[in-house]
>>> print(open('final.cif').read())   # mmCIF, C-alpha atoms
data_model
loop_
_atom_site.label_atom_id
_atom_site.label_comp_id
_atom_site.auth_asym_id
_atom_site.auth_seq_id
_atom_site.Cartn_x
_atom_site.Cartn_y
_atom_site.Cartn_z
CA MET A 77 128.50 47.55 117.49
CA VAL A 78 126.32 47.66 120.60
CA ARG A 79 122.99 49.48 120.29
CA ILE A 80 122.16 51.32 123.51
CA ILE A 81 118.99 52.81 124.99
CA MET A 82 120.02 55.60 127.38
CA ASN A 83 117.60 55.77 130.32
CA GLY A 84 117.97 59.24 131.80
CA CYS A 85 119.49 60.60 128.61
CA ASN A 86 118.95 64.29 129.42
CA GLY A 87 120.59 64.17 132.84
CA LYS A 88 124.26 65.07 133.39
CA MET A 89 125.51 61.51 133.14
CA GLY A 90 123.21 60.74 130.22
CA GLN A 91 124.69 63.61 128.26
CA VAL A 92 128.26 62.61 129.11
CA ILE A 93 127.52 59.09 127.88
CA THR A 94 125.92 60.51 124.75
CA GLY A 95 129.15 62.37 124.02
CA ILE A 96 131.30 59.30 124.64
CA CYS A 97 129.20 57.09 122.37
CA ALA A 98 129.29 59.69 119.60
CA LYS A 99 133.06 59.15 119.42
CA ASP A 100 133.06 55.38 119.95
CA PRO A 101 132.77 53.29 116.77
CA GLU A 102 131.69 50.27 118.85
CA ALA A 103 128.74 51.93 120.61
CA GLU A 104 125.66 53.81 119.42
CA ILE A 105 122.77 55.29 121.36
CA VAL A 106 119.67 54.42 119.34
CA ALA A 107 117.07 55.87 121.74
CA GLY A 108 116.79 57.84 124.94
CA ILE A 109 114.31 57.90 127.81
CA ASP A 110 113.74 61.04 129.87
CA ILE A 111 110.75 62.87 131.30
CA SER A 112 112.57 66.15 130.64
CA ASP A 113 112.82 67.52 127.12
CA HIS A 114 115.14 70.47 127.77
CA ILE A 115 117.93 68.96 125.65
CA LYS A 116 117.33 69.62 121.95
CA THR A 117 120.62 68.37 120.51
CA ASN A 118 120.17 64.60 120.85
CA THR A 119 120.61 62.78 117.55
CA TYR A 120 118.36 59.90 118.63
CA PRO A 121 114.62 59.72 119.43
CA VAL A 122 113.70 60.45 123.06
CA PHE A 123 110.67 58.93 124.79
CA LYS A 124 109.01 60.07 127.99
CA SER A 125 108.74 56.51 129.31
CA ILE A 126 110.49 53.22 128.63
CA ASP A 127 107.07 51.71 127.85
CA GLU A 128 106.76 54.05 124.85
CA CYS A 129 110.07 52.96 123.34
CA ASP A 130 109.74 50.77 120.25
CA VAL A 131 113.38 50.96 119.13
CA GLU A 132 115.34 47.70 119.02
CA ALA A 133 118.47 47.69 121.16
CA ASP A 134 121.06 45.36 122.64
CA VAL A 135 121.45 46.97 126.08
CA VAL A 136 119.96 49.67 128.29
CA ILE A 137 122.23 51.96 130.32
CA ASP A 138 120.36 53.42 133.27
CA PHE A 139 121.36 56.64 135.03
CA SER A 140 117.94 57.79 136.21
CA THR A 141 116.18 57.69 139.57
CA ALA A 142 115.15 54.88 141.88
CA ALA A 143 111.49 55.80 141.30
CA VAL A 144 111.53 54.44 137.73
CA VAL A 145 113.73 51.37 138.26
CA ASP A 146 110.82 48.97 138.86
CA LYS A 147 109.23 49.87 135.53
CA LEU A 148 112.59 49.65 133.77
CA LEU A 149 113.28 46.17 135.15
CA ALA A 150 109.83 44.96 134.09
CA TRP A 151 110.40 46.28 130.54
CA CYS A 152 113.87 44.76 130.25
CA GLU A 153 112.61 41.41 131.52
CA SER A 154 109.70 41.36 129.07
CA LYS A 155 111.86 42.42 126.10
CA LYS A 156 114.88 40.34 127.20
CA VAL A 157 117.12 43.41 126.89
CA PRO A 158 120.08 43.45 129.33
CA VAL A 159 120.57 46.52 131.53
CA VAL A 160 123.57 48.27 133.04
CA LEU A 161 121.96 49.53 136.23
CA CYS A 162 123.81 52.61 137.49
CA THR A 163 121.05 54.29 139.50
CA THR A 164 121.84 54.43 143.23
CA GLY A 165 119.66 54.71 146.33
CA LEU A 166 117.65 51.56 145.66
CA SER A 167 115.55 50.21 148.52
CA GLU A 168 116.04 46.71 149.91
CA GLU A 169 112.87 45.69 148.07
CA GLN A 170 114.26 47.01 144.80
CA ILE A 171 117.57 45.23 145.31
CA GLU A 172 115.61 42.03 145.81
CA LEU A 173 113.68 42.81 142.61
CA VAL A 174 117.00 43.24 140.78
CA ASN A 175 118.13 39.83 142.00
CA LYS A 176 114.82 38.24 140.97
CA THR A 177 114.78 39.87 137.53
CA SER A 178 118.37 38.77 136.86
CA ARG A 179 117.12 35.18 136.69
CA ASN A 180 115.49 36.05 133.37
CA VAL A 181 117.71 38.77 131.88
CA ALA A 182 121.31 39.92 132.26
CA ILE A 183 121.79 42.79 134.74
CA LEU A 184 125.08 44.48 135.61
CA ARG A 185 125.04 46.47 138.83
CA SER A 186 128.07 47.93 140.60
CA ALA A 187 128.71 50.31 143.50
CA ASN A 188 131.05 52.27 141.24
CA MET A 189 131.33 52.17 137.45
CA SER A 190 134.94 53.40 137.34
CA LEU A 191 137.30 50.90 135.72
CA GLY A 192 140.05 52.08 138.07
CA ILE A 193 138.03 51.53 141.23
CA ASN A 194 136.97 48.09 140.11
CA MET A 195 140.56 47.12 139.34
CA LEU A 196 141.42 48.39 142.83
CA LEU A 197 138.71 46.21 144.39
CA LYS A 198 140.51 43.20 142.98
CA GLU A 199 144.05 44.26 143.81
CA LEU A 200 143.23 45.22 147.41
CA LYS A 201 142.48 41.58 148.15
CA LYS A 202 146.07 40.66 147.27
CA VAL A 203 147.50 43.53 149.31
CA ALA A 204 145.34 42.82 152.35
CA ALA A 205 146.19 39.11 152.27
CA VAL A 206 149.86 39.99 152.75
CA LEU A 207 149.74 43.05 155.02
CA ALA A 208 146.89 42.30 157.43
CA PRO A 209 148.48 39.11 158.83
CA ALA A 210 151.69 41.13 159.21
CA GLY A 211 149.91 43.46 161.64
CA PHE A 212 149.10 46.41 159.39
CA ASP A 213 146.10 48.51 160.45
CA ILE A 214 143.60 49.41 157.73
CA GLU A 215 141.91 52.80 157.33
CA ILE A 216 139.86 54.23 154.47
CA VAL A 217 139.42 57.97 153.97
CA GLU A 218 137.00 59.22 151.31
CA LYS A 219 136.46 62.78 150.10
CA HIS A 220 133.53 64.15 148.11
CA HIS A 221 131.82 67.42 147.21
CA ASN A 222 129.68 69.30 149.71
CA GLN A 223 126.42 68.25 148.04
CA LYS A 224 126.84 64.53 148.73
CA ILE A 225 124.37 63.49 151.43
CA ASP A 226 125.46 59.94 152.29
CA ALA A 227 128.56 59.06 154.27
CA PRO A 228 130.67 57.06 154.02
CA SER A 229 130.41 56.65 150.27
CA GLY A 230 129.16 53.42 148.74
CA THR A 231 132.56 53.06 147.11
CA ALA A 232 134.36 53.30 150.47
CA ILE A 233 132.14 50.56 151.84
CA ALA A 234 132.76 48.46 148.72
CA LEU A 235 136.52 48.85 149.22
CA ALA A 236 136.17 47.79 152.86
CA ASP A 237 133.97 44.85 151.87
CA SER A 238 136.53 43.66 149.32
CA ILE A 239 139.27 43.68 151.94
CA ASN A 240 137.07 42.10 154.60
CA GLU A 241 135.97 39.27 152.31
CA GLU A 242 139.60 38.39 151.69
CA LEU A 243 140.20 38.37 155.46
CA GLY A 244 137.29 36.06 156.25
CA ASN A 245 134.87 38.87 157.22
CA GLU A 246 136.51 39.03 160.64
CA TYR A 247 136.89 42.82 160.68
CA GLU A 248 134.51 45.34 162.24
CA TYR A 249 133.83 48.71 160.55
CA VAL A 250 134.38 51.78 162.72
CA TYR A 251 132.86 55.05 161.47
CA ASP A 252 133.28 57.37 164.47
CA ARG A 253 135.95 57.25 167.16
CA SER A 254 134.71 60.28 169.09
CA GLN A 255 132.46 58.20 171.35
CA LYS A 256 135.18 55.80 172.46
CA ARG A 257 138.18 56.28 174.74
CA GLU A 258 140.10 53.16 173.87
CA LYS A 259 142.86 52.07 171.56
CA ARG A 260 142.13 50.64 168.17
CA SER A 261 141.56 46.89 167.94
CA ASP A 262 143.47 44.63 165.57
CA LYS A 263 140.30 43.56 163.77
CA GLU A 264 138.79 46.78 162.52
CA ILE A 265 138.65 48.89 159.39
CA GLY A 266 138.20 52.59 160.01
CA LEU A 267 136.15 54.63 157.52
CA SER A 268 136.26 58.43 157.50
CA ALA A 269 134.39 60.91 155.30
CA VAL A 270 135.33 64.42 154.18
CA ARG A 271 132.80 66.73 152.49
CA GLY A 272 133.81 69.98 150.84
CA GLY A 273 133.90 72.09 147.71
CA SER A 274 133.53 70.36 144.37
CA ILE A 275 135.64 67.24 145.01
CA VAL A 276 134.38 64.63 142.53
CA GLY A 277 135.70 61.70 144.52
CA GLU A 278 138.88 60.59 146.25
CA HIS A 279 139.51 57.38 148.16
CA ASP A 280 142.63 56.59 150.18
CA VAL A 281 143.16 53.06 151.48
CA ILE A 282 145.83 53.18 154.18
CA PHE A 283 147.78 50.17 155.42
CA ALA A 284 149.70 51.37 158.48
CA GLY A 285 152.34 49.09 159.91
CA THR A 286 155.23 49.54 162.30
CA ASP A 287 157.59 52.14 160.80
CA GLU A 288 155.98 52.03 157.35
CA VAL A 289 152.74 53.13 155.71
CA ILE A 290 151.35 52.17 152.33
CA THR A 291 148.59 54.38 150.89
CA ILE A 292 146.69 53.45 147.74
CA THR A 293 144.78 56.38 146.26
CA HIS A 294 142.13 56.66 143.58
CA THR A 295 141.11 60.14 142.45
CA ALA A 296 138.20 60.93 140.14
CA TYR A 297 138.65 64.23 138.31
CA SER A 298 135.34 64.12 136.47
CA LYS A 299 132.18 62.06 136.17
CA ALA A 300 133.35 60.95 132.72
CA ILE A 301 135.15 57.97 134.27
CA PHE A 302 131.82 56.55 135.45
CA ALA A 303 130.27 57.17 132.04
CA LYS A 304 133.16 55.46 130.26
CA GLY A 305 132.86 52.48 132.58
CA SER A 306 129.14 52.14 131.88
CA VAL A 307 129.74 52.08 128.12
CA GLU A 308 132.38 49.37 128.53
CA ALA A 309 129.91 47.47 130.69
CA ALA A 310 127.27 47.73 127.95
CA LYS A 311 129.69 46.28 125.41
CA PHE A 312 130.37 43.37 127.75
CA LEU A 313 126.70 42.75 128.61
CA LYS A 314 125.50 42.47 125.01
CA GLY A 315 124.54 38.86 124.39
CA GLN A 316 125.28 37.67 127.91
CA PRO A 317 122.95 35.05 129.42
CA ALA A 318 120.61 35.94 132.27
CA GLY A 319 122.38 36.59 135.54
CA LEU A 320 123.65 39.24 137.91
CA TYR A 321 126.99 40.75 136.90
CA ASP A 322 129.30 43.44 138.25
CA MET A 323 132.28 45.38 136.93
CA SER A 324 134.72 42.65 137.94
CA SER A 325 133.37 40.70 134.95
CA VAL A 326 134.21 43.60 132.63
CA ILE A 327 137.83 44.11 133.66
CA LYS A 328 139.03 40.51 134.07
#
>>> encode(input="final.cif", output="structure tokens")
Amino acid sequence: MVRIIMNGCNGKMGQVITGICAKDPEAEIVAGIDISDHIKTNTYPVFKSIDECDVEADVVIDFSTAAVVDKLLAWCESKKVPVVLCTTGLSEEQIELVNKTSRNVAILRSANMSLGINMLLKELKKVAAVLAPAGFDIEIVEKHHNQKIDAPSGTAIALADSINEELGNEYEYVYDRSQKREKRSDKEIGLSAVRGGSIVGEHDVIFAGTDEVITITHTAYSKAIFAKGSVEAAKFLKGQPAGLYDMSSVIK
């Protein structure tokens, strides 16, 4: 059994994780942290700040905001409680703080908490190693809801990075072809973004060769996949030594 503190417990993801843990015999939320108190159905104590929490736990799952990450990292370091860090939009300074803090406590941080995406990050390396030398062009198309403000998605970039690492980081990323009147180079990965409706998340990785095309697609139908991944990450992180981890450690 892993005892979890849910940082951001009254947000959408916090409540999804609460529901998942309620049905999981291997995970229990023992406390929550949230400045909002609009949720009255939590079965665990909720504190306004992580500094107020006096409940013993094995891991913190964080789905909050970048503004509170510094305080969270300081608390986890002082209490030696590992943290699954899911909050996005961290500054370069905060990312450096994550790296520094991981020397003293276990931290798992990933661009995407989906088990499927993280399996794909691994498998794309094998595919790219075969197809890229054979002359296949590589394009990534991602689709998200109309409220998403960043483009391309962090997941699309992570997919491109995984491929590029396998290929010796020789490929250039191209985000917009409208400003160029020239044919595509052999050493580029194109990234395109679509924004519309309520699309949770879809990523197509296209390997286009002569007379054949291979498309690998991942589709997220709800945010529950990210919540499930974070709970699995918490189970893995319990008892791990200090260090910086990602989801590849969870699914190997």
>>> resolve_selection(input="final.cif", expression="the PyMOL selection byres ((chain A and resi 177-184) around 7)", output="list in words")
Leu149, Glu153, Lys156, Val157, Pro158, Val159, Val160, Leu161, Leu173, Val174, Asn175, Lys176, Arg185, Ser186, Gln316, Pro317, Ala318, Gly319, Leu320, Tyr321 and Asp322 of chain A
>>> atom_distance(input="final.cif", atom1="CA of Gly84 in chain A", atom2="CA of Ala303 in chain A")
12.5 Å
>>> resolve_selection(input="final.cif", expression="the PyMOL selection byres ((chain A and resi 311) around 12)", output="ChimeraX atom specification")
/A:77-80,97,100-104,134-137,158-160,184,304-310,312-316,323,325-327
>>> resolve_selection(input="final.cif", expression="the PyMOL selection byres ((chain A and resi 236) around 12)", output="ChimeraX atom specification")
/A:196-198,200-201,204,214-218,228-235,237-243,245-251,264-268,279-282
>>> atom_distance(input="final.cif", atom1="CA of Ala150 in chain A", atom2="CA of Asp130 in chain A")
15.0 Å
>>> atom_distance(input="final.cif", atom1="CA of Ser298 in chain A", atom2="CA of Ile105 in chain A")
21.5 Å
>>> closest_residue(input="final.cif", among="A:Cys152, A:Ile290, A:Cys85, A:Ala143", to="Tyr120 in chain A", atoms="all atoms listed in the file")
A:Cys85
>>> axis_aligned_box(input="final.cif", around="range 164-174 of chain A", padding_each_side="3 Å", output="lines of an AutoDock Vina configuration file")
center_x = 117.4
center_y = 48.4
center_z = 145.3
size_x = 15.0
size_y = 18.7
size_z = 15.1
>>> residues_around(input="final.cif", residues="Asp113 in chain A", least_positions_apart="3", cutoff="9 Å", atoms="all atoms listed in the file", output="compact mmCIF listing (two decimals) with C-alpha atoms, in the frame of the given file")
# COMPACT_ATOMS: atom_id res chain seq x y z
CA ASN A 86 118.95 64.29 129.42
CA ASP A 110 113.74 61.04 129.87
CA LYS A 116 117.33 69.62 121.95
CA VAL A 122 113.70 60.45 123.06
CA LYS A 124 109.01 60.07 127.99
>>> closest_residue(input="final.cif", among="A:Ser261, A:Ser274, A:Ser125, A:Asn194", to="Lys224 in chain A", atoms="all atoms listed in the file")
A:Ser274
>>> residues_near_point(input="final.cif", point="(136.9, 52.8, 138.2)", cutoff="9 Å", atoms="all atoms listed in the file", output="tab-separated table (two decimals) with C-alpha atoms, in the coordinates of the input")
chain	number	residue	atom	x	y	z
A	188	ASN	CA	131.05	52.27	141.24
A	189	MET	CA	131.33	52.17	137.45
A	190	SER	CA	134.94	53.40	137.34
A	191	LEU	CA	137.30	50.90	135.72
A	192	GLY	CA	140.05	52.08	138.07
A	193	ILE	CA	138.03	51.53	141.23
A	194	ASN	CA	136.97	48.09	140.11
A	195	MET	CA	140.56	47.12	139.34
A	196	LEU	CA	141.42	48.39	142.83
A	294	HIS	CA	142.13	56.66	143.58
A	296	ALA	CA	138.20	60.93	140.14
A	301	ILE	CA	135.15	57.97	134.27
A	302	PHE	CA	131.82	56.55	135.45
A	305	GLY	CA	132.86	52.48	132.58
A	323	MET	CA	132.28	45.38	136.93
>>> closest_residue(input="final.cif", among="A:Ile126, A:Met89, A:Ala227, A:Leu166", to="Lys147 in chain A", atoms="all atoms listed in the file")
A:Ile126
>>> closest_residue(input="final.cif", among="A:Gly272, A:Gly95, A:Pro121, A:Gly244", to="Gln223 in chain A", atoms="all atoms listed in the file")
A:Gly272
>>> closest_residue(input="final.cif", among="A:Ala300, A:Ile111, A:Ala187, A:Val289", to="Thr94 in chain A", atoms="all atoms listed in the file")
A:Ala300
>>> closest_residue(input="final.cif", among="A:Trp151, A:Asn83, A:Glu132, A:Asp146", to="Glu172 in chain A", atoms="only C-alpha atoms")
A:Asp146
>>> residues_around(input="final.cif", residues="Gly273 in chain A", least_positions_apart="5", cutoff="9 Å", atoms="only C-alpha atoms", output="list of chain:residue names")
A:His220, A:His221, A:Asn222, A:Gln223
>>> decode(input="final.cif", residues="range 164-232 of chain A", atoms="C-alpha atoms", output="PDB file, in the first residue's frame")
ATOM      1  CA  THR A 164       3.545  21.868 -16.231  1.00  0.00           C
ATOM      2  CA  GLY A 165       4.725  25.337 -17.222  1.00  0.00           C
ATOM      3  CA  LEU A 166       7.775  25.359 -14.958  1.00  0.00           C
ATOM      4  CA  SER A 167      10.365  28.065 -15.570  1.00  0.00           C
ATOM      5  CA  GLU A 168      13.977  27.256 -16.397  1.00  0.00           C
ATOM      6  CA  GLU A 169      14.868  28.234 -12.838  1.00  0.00           C
ATOM      7  CA  GLN A 170      12.289  25.821 -11.450  1.00  0.00           C
ATOM      8  CA  ILE A 171      13.518  23.001 -13.672  1.00  0.00           C
ATOM      9  CA  GLU A 172      16.994  23.621 -12.317  1.00  0.00           C
ATOM     10  CA  LEU A 173      15.538  23.547  -8.791  1.00  0.00           C
ATOM     11  CA  VAL A 174      13.919  20.183  -9.588  1.00  0.00           C
ATOM     12  CA  ASN A 175      17.286  18.827 -10.714  1.00  0.00           C
ATOM     13  CA  LYS A 176      19.000  20.163  -7.581  1.00  0.00           C
ATOM     14  CA  THR A 177      16.337  18.833  -5.206  1.00  0.00           C
ATOM     15  CA  SER A 178      16.482  15.385  -6.819  1.00  0.00           C
ATOM     16  CA  ARG A 179      19.965  14.963  -5.359  1.00  0.00           C
ATOM     17  CA  ASN A 180      18.333  14.627  -1.942  1.00  0.00           C
ATOM     18  CA  VAL A 181      14.916  13.085  -2.644  1.00  0.00           C
ATOM     19  CA  ALA A 182      13.329  11.004  -5.399  1.00  0.00           C
ATOM     20  CA  ILE A 183      11.437  13.045  -8.022  1.00  0.00           C
ATOM     21  CA  LEU A 184       9.575  11.668 -11.027  1.00  0.00           C
ATOM     22  CA  ARG A 185       8.833  14.199 -13.735  1.00  0.00           C
ATOM     23  CA  SER A 186       7.536  13.444 -17.224  1.00  0.00           C
ATOM     24  CA  ALA A 187       6.210  15.429 -20.192  1.00  0.00           C
ATOM     25  CA  ASN A 188       3.213  13.092 -20.277  1.00  0.00           C
ATOM     26  CA  MET A 189       1.973  10.720 -17.577  1.00  0.00           C
ATOM     27  CA  SER A 190       0.146   8.384 -19.980  1.00  0.00           C
ATOM     28  CA  LEU A 191       1.490   4.833 -19.879  1.00  0.00           C
ATOM     29  CA  GLY A 192       0.698   4.501 -23.591  1.00  0.00           C
ATOM     30  CA  ILE A 193       2.635   7.607 -24.604  1.00  0.00           C
ATOM     31  CA  ASN A 194       5.626   6.563 -22.560  1.00  0.00           C
ATOM     32  CA  MET A 195       5.621   3.100 -24.121  1.00  0.00           C
ATOM     33  CA  LEU A 196       5.464   4.863 -27.502  1.00  0.00           C
ATOM     34  CA  LEU A 197       8.493   7.001 -26.622  1.00  0.00           C
ATOM     35  CA  LYS A 198      10.477   3.803 -26.242  1.00  0.00           C
ATOM     36  CA  GLU A 199       9.140   1.985 -29.287  1.00  0.00           C
ATOM     37  CA  LEU A 200       9.618   4.966 -31.626  1.00  0.00           C
ATOM     38  CA  LYS A 201      13.363   4.659 -31.151  1.00  0.00           C
ATOM     39  CA  LYS A 202      13.271   1.159 -32.636  1.00  0.00           C
ATOM     40  CA  VAL A 203      11.058   2.234 -35.529  1.00  0.00           C
ATOM     41  CA  ALA A 204      13.131   5.314 -36.338  1.00  0.00           C
ATOM     42  CA  ALA A 205      16.376   3.330 -36.261  1.00  0.00           C
ATOM     43  CA  VAL A 206      15.061   1.164 -39.092  1.00  0.00           C
ATOM     44  CA  LEU A 207      13.027   3.602 -41.189  1.00  0.00           C
ATOM     45  CA  ALA A 208      15.049   6.828 -41.080  1.00  0.00           C
ATOM     46  CA  PRO A 209      18.182   5.296 -42.669  1.00  0.00           C
ATOM     47  CA  ALA A 210      15.865   3.820 -45.317  1.00  0.00           C
ATOM     48  CA  GLY A 211      14.854   7.340 -46.370  1.00  0.00           C
ATOM     49  CA  PHE A 212      11.515   7.716 -44.591  1.00  0.00           C
ATOM     50  CA  ASP A 213      10.476  11.297 -43.806  1.00  0.00           C
ATOM     51  CA  ILE A 214       9.169  11.959 -40.296  1.00  0.00           C
ATOM     52  CA  GLU A 215       6.209  14.186 -39.432  1.00  0.00           C
ATOM     53  CA  ILE A 216       4.292  14.620 -36.176  1.00  0.00           C
ATOM     54  CA  VAL A 217       0.739  15.986 -36.086  1.00  0.00           C
ATOM     55  CA  GLU A 218      -0.870  16.741 -32.725  1.00  0.00           C
ATOM     56  CA  LYS A 219      -4.478  17.714 -32.011  1.00  0.00           C
ATOM     57  CA  HIS A 220      -5.888  19.273 -28.845  1.00  0.00           C
ATOM     58  CA  HIS A 221      -8.902  21.195 -27.578  1.00  0.00           C
ATOM     59  CA  ASN A 222      -9.410  24.860 -28.385  1.00  0.00           C
ATOM     60  CA  GLN A 223      -8.419  26.000 -24.880  1.00  0.00           C
ATOM     61  CA  LYS A 224      -4.825  24.770 -25.107  1.00  0.00           C
ATOM     62  CA  ILE A 225      -2.513  27.762 -25.413  1.00  0.00           C
ATOM     63  CA  ASP A 226       0.864  26.189 -26.216  1.00  0.00           C
ATOM     64  CA  ALA A 227       1.794  24.666 -29.562  1.00  0.00           C
ATOM     65  CA  PRO A 228       3.174  22.246 -30.404  1.00  0.00           C
ATOM     66  CA  SER A 229       2.334  20.189 -27.343  1.00  0.00           C
ATOM     67  CA  GLY A 230       5.022  19.130 -24.908  1.00  0.00           C
ATOM     68  CA  THR A 231       4.193  15.542 -25.790  1.00  0.00           C
ATOM     69  CA  ALA A 232       4.779  16.162 -29.510  1.00  0.00           C
TER      70      ALA A 232
END
